[in-house]
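For reference, the structure is listed below as structure tokens.
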Amino acid sequence: MLGRKRPGKGDTAAQRATFRLMYERFREVLSLNDSTLELIADIEEKLLGHRPFALDAVEAGVRRAAMDIFVMVKDLNQLARNRHVGLYEALRALNAELEGLFGPPGAVEGPLVIPISTLRAQDAAIAGSKMANLGEVAGKCGLIAPPGFAITTAAVVRFLAAGELWERCERLEGVLELDGPEALPAACDEVRAAILAAPVPEDVAAAIRDAYAQCFPGSATLVAVRSSAVGEDSLSSSHAGLYDTELNVEHDRLLDAYRSVVASAFSATAVAYRFEKGLTAREALMAVGCVGMVVPRCAGIMYSRPPDDPEADAVVISTTPGLAARLAAGDENAEEIVAVPGAEVYAPSALLGPDELRRLVNVARCLEEHFGRPQDVEWAIDFEGRLTVLQSRPMVTIRVETSPAVDLFAGRDILLEGGFTACPGVGSGPVVTVDGEAALARFPEGGVLVAKHSSPSFAQVMWRCAAIVTDVGSPTGHMASLAREFGVPAVVGLDGATAALRPGQFVTVDATGRRIVEGALLTRAGGRTVKSPLADSPAVERLRAVARLVTPLRLTDPASPEFSPAGCRSLHDITRFVHEKVYEVMFHYGDVASEDRHHSARLDARLPLIIRVFDVGGGIVEEKSAARTVRPEDVTSVPMKAFLEGMLEPRIRWDLPRPVSMRGFLSVLGESMAGPPAEVRQVGRLSYAILSDRYVNFSTKAGYHFSTVDTYCGQSQNKNYIHFRFHGGAADVDRRERRVRCLSTILQALDFEVAVKGDLLTARLDKYTHDATRARLVDLGRLTMCARQLDMLMDDDSRPDFFAAAFLASEWEKF
């Protein structure tokens, strides 16, 4: 039998270059796998709906991940000699499905314009809720509504597509999330300017002109051009006052007014509101209403029930002479009336006679009965006494349990008293005076917002407000509705508030009792409604559709026949398959290296592990570069020397029997018998360390757990990092999770950022100095040895803290 040919120098150089290239591909797979898993974890957290997020940023991340996974698939096939080419087709199919979910909305079926008289509630998707409800008011309730037509969502999709504007609009939530509120106004201004400058497609413009001619014969009729976005005027998201209305628009200005209302969907206030409510830019698809102007003697807003007591038999009416636009915007106070249905005599009113009050109450009850819930109604009465309903939408209500204000305020001096309750509740904090929208970007969390006028723009910071107080405003205005949506205690129309309350002064606002006292009497908002989670929001719903192609992991058992490219149904499946198979490739190279001293060396150290060392440049002293075995003192790799120093800690007596309880032993035995066989889990396989002078990738399967340390330690602080992953074990789930909890406590005490999911722990330490990074690698070496079979010692919930304290106290002999 012929012996194996000894490689020559040329062969050795070629083998070393080949192996170095293999190492680079392997490292690239590890890096891309980690970034993909981070994206998956981020998506899973966002799906819980605990915090708002920008969907377009997530979609961009998914696209990057798909490209990264393509590189992983390519690297694996180059390492494994194209044994897994079926992954390319699996990835292509997933990409095709994902791209179908991304991008601008497709063409909306339906006409470009629709007469309001023909609209009904079911037309909200194409005409918006505001115009659809107005069609119901006239067609189903028999009430007077202004004539006009709706420019549909089909039209706005055509408009935005023709100007290639959609992607710019959809990126604004990402600007808010990634760059902060300070960057949002400028980005919004750019997008709005682009919309205002874009030409309206000729077919849309012609449809608008024709509809105007049919609804308003002649060209002298003035119209109001009003927003009617898809997500507007819903029960949970009123969008009150966030979008523009153009009044007294002449025929020649129709297209300009249309562009202005569409552009208002992308103001900083509107974008911030949608972001906080879990809405997407698709909820800003703007249908627009063109309705005939009403010239009113008086106008106003009414609630068919008191918003803080929707069971009460009363109608709340705010009224002002002429148009009610300034009332709704919070720029002026109004006459406030509470009318009881069926009353024989109504209280005197400066603007409304008894018959007019009775008619308003009847209209409120009629609309409430028709729509099935309390209504927020805009109305106008002209000089001939004709009552016109301009809008009807679900009223935002809030219930507050018994307020603690009576006890809190007893015996305290009242700073201010009066005004109107816009949203009941109690809040404490420092006074922050807001004198313009620019000041909102700097509004601190927990501040009491004090302003001259109430404004819907406050929606940008309502989630940060402890309370809101304004000199001028109405409890039926737009800001009041928004405050109730966010559950922010608010008092409006409190004359002199801005003069009496000093910036920085700590106060407590009792919005229910309409009074303010000195000092912060609450550590948090008392009586304040907790903002609803976003789990059912449109953003989460759309993310859920994307996530089903990204996050599920079905390939869990490498021994299963389903563990194949054909079994990959998500991006997570593909990364799991690549990750598993690339380790198989590396273990295969480890087996070859064990027979060929020119590729690797065995580490001769007093450790309970068989470690193969692969030097890809400067990791071992030059004279030992071709040796079959190396000793710890032959290692020149800075991070590996530090890691070995910790692993070789003499006080960690791995060679002595562990004080394992019978329960711990039986748990391990039971899990080992119930799970896949040891050869499937690769128990007892080689550990390996890939070394360079400043880099180490050390992976080990010690028993039934698997850990990886990936680190760079040099003089450039910005490049230094340690990434650590640990999962698995032979004991039951509770013991494994206790061990992870113990490791997490230790690593956090050592300054690592730690994330835990089940029995999987990831930790990272970035951009520390050379000496600090080296010290942590020594600690990590000790922890690697102490963690072996630690799950068998985790008998109860006290054990994680006990062993964490022992490790941090350098009592390693306890392990």
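By order of appearance in the structure tokens: chains A, B, ..., then residues from 1 within every chain, and ligands from 1 in the order shown.
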Exercise. Any idea what's packed within 12 Å of Asp634 (chain A), counting only C-alpha atoms, ignoring anything in its chain fewer than 6 positions away? Could you give it as a count of residues only?
Worked result: 20
For this session: Mind checking which residues fall within 8 Å of Arg514 (chain A), counting only C-alpha atoms, ignoring those fewer than 6 positions away in the same chain, and posting them as a list of chain:residue names?
Result: A:Glu417, A:Gly418, A:Gly419, A:Phe420, A:Thr421, A:Val491
How about saving the chosen residues, N, CA and C atoms kept, as a PDB file, in the first residue's frame?
```pdb
ATOM      1  N   GLU A 417     -57.218  78.111  38.794  1.00  0.00           N
ATOM      2  CA  GLU A 417     -58.445  77.323  38.836  1.00  0.00           C
ATOM      3  C   GLU A 417     -59.375  77.817  37.737  1.00  0.00           C
ATOM      4  N   GLY A 418     -60.043  76.893  37.061  1.00  0.00           N
ATOM      5  CA  GLY A 418     -60.983  77.277  36.022  1.00  0.00           C
ATOM      6  C   GLY A 418     -60.681  76.595  34.707  1.00  0.00           C
ATOM      7  N   GLY A 419     -61.178  77.178  33.623  1.00  0.00           N
ATOM      8  CA  GLY A 419     -61.002  76.584  32.312  1.00  0.00           C
ATOM      9  C   GLY A 419     -61.958  75.428  32.081  1.00  0.00           C
ATOM     10  N   PHE A 420     -61.620  74.590  31.120  1.00  0.00           N
ATOM     11  CA  PHE A 420     -62.460  73.448  30.747  1.00  0.00           C
ATOM     12  C   PHE A 420     -61.609  72.176  30.707  1.00  0.00           C
ATOM     13  N   THR A 421     -62.195  71.066  31.118  1.00  0.00           N
ATOM     14  CA  THR A 421     -61.506  69.782  31.056  1.00  0.00           C
ATOM     15  C   THR A 421     -61.555  69.253  29.631  1.00  0.00           C
ATOM     16  N   VAL A 491     -56.232  70.758  30.436  1.00  0.00           N
ATOM     17  CA  VAL A 491     -57.164  71.836  30.744  1.00  0.00           C
ATOM     18  C   VAL A 491     -56.979  72.908  29.683  1.00  0.00           C
TER      19      VAL A 491
END
```
For this session: Write out as a PyMOL selection string which residues come within 9 Å of Ser699 (chain A) when counting only C-alpha atoms, dropping same-chain ones fewer than 2 positions away.
Result: chain A and resi 687-690+697+701+706-710
Write the residues of the selection above to a file with N, CA and C atoms, as a PDB file, in the first residue's frame.
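Now in part.pdb:
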```
ATOM      1  N   SER A 687     -13.235  20.948  19.322  1.00  0.00           N
ATOM      2  CA  SER A 687     -13.340  22.394  19.407  1.00  0.00           C
ATOM      3  C   SER A 687     -12.250  22.964  18.513  1.00  0.00           C
ATOM      4  N   TYR A 688     -12.445  24.174  18.059  1.00  0.00           N
ATOM      5  CA  TYR A 688     -11.419  24.737  17.183  1.00  0.00           C
ATOM      6  C   TYR A 688     -11.282  26.221  17.443  1.00  0.00           C
ATOM      7  N   ALA A 689     -10.067  26.708  17.178  1.00  0.00           N
ATOM      8  CA  ALA A 689      -9.760  28.125  17.325  1.00  0.00           C
ATOM      9  C   ALA A 689      -9.077  28.590  16.051  1.00  0.00           C
ATOM     10  N   ILE A 690      -9.676  29.568  15.401  1.00  0.00           N
ATOM     11  CA  ILE A 690      -9.072  30.187  14.226  1.00  0.00           C
ATOM     12  C   ILE A 690      -8.380  31.449  14.709  1.00  0.00           C
ATOM     13  N   ASN A 697     -11.595  33.249  16.564  1.00  0.00           N
ATOM     14  CA  ASN A 697     -12.933  32.672  16.578  1.00  0.00           C
ATOM     15  C   ASN A 697     -12.792  31.303  17.218  1.00  0.00           C
ATOM     16  N   LYS A 701     -18.133  22.639  21.453  1.00  0.00           N
ATOM     17  CA  LYS A 701     -19.277  21.907  21.968  1.00  0.00           C
ATOM     18  C   LYS A 701     -18.779  21.101  23.153  1.00  0.00           C
ATOM     19  N   PHE A 706     -23.210  24.636  23.359  1.00  0.00           N
ATOM     20  CA  PHE A 706     -22.368  25.149  22.284  1.00  0.00           C
ATOM     21  C   PHE A 706     -22.092  26.619  22.563  1.00  0.00           C
ATOM     22  N   SER A 707     -20.838  27.014  22.502  1.00  0.00           N
ATOM     23  CA  SER A 707     -20.508  28.418  22.716  1.00  0.00           C
ATOM     24  C   SER A 707     -19.504  28.879  21.675  1.00  0.00           C
ATOM     25  N   THR A 708     -19.562  30.158  21.370  1.00  0.00           N
ATOM     26  CA  THR A 708     -18.656  30.761  20.401  1.00  0.00           C
ATOM     27  C   THR A 708     -18.164  32.089  20.951  1.00  0.00           C
ATOM     28  N   VAL A 709     -16.870  32.328  20.814  1.00  0.00           N
ATOM     29  CA  VAL A 709     -16.282  33.627  21.130  1.00  0.00           C
ATOM     30  C   VAL A 709     -15.662  34.148  19.845  1.00  0.00           C
ATOM     31  N   ASP A 710     -16.085  35.317  19.428  1.00  0.00           N
ATOM     32  CA  ASP A 710     -15.521  35.964  18.248  1.00  0.00           C
ATOM     33  C   ASP A 710     -15.001  37.312  18.705  1.00  0.00           C
TER      34      ASP A 710
END
```
Problem set entry | Among the residues A:Glu276, A:Asp189, A:Asp791, A:Glu645, the one that comes closest to Phe803 (chain A) [using only C-alpha atoms] |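 With only C-alpha atoms as the atom set, the closest residue is A:Asp791.
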Exercise. Near Cys786 (chain A), within 8 Å and counting only C-alpha atoms, which residues show up once chain neighbours fewer than 6 positions away are dropped, as an NGL selection string?
Worked result: :A and (652 or 812 or 815)
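Considering the residues A:Leu47, A:Leu94, A:Val509, A:Ile398 and counting only C-alpha atoms, Val426 (chain A) has its shortest atom-to-atom contact with A:Val509.
Excluding Ala57 (chain A) itself and any same-chain residue fewer than 4 positions from it, the protein and nucleic acid residues within 8 Å of it, counting only C-alpha atoms, are A:Gly61, A:Arg171, A:Gly174.
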Exercise. Could you name the residues that touch Phe506 (chain A) at 10 Å or less, counting only C-alpha atoms, but leaving out those on the same chain fewer than 5 positions away, as a count of residues only?
Worked result: 13
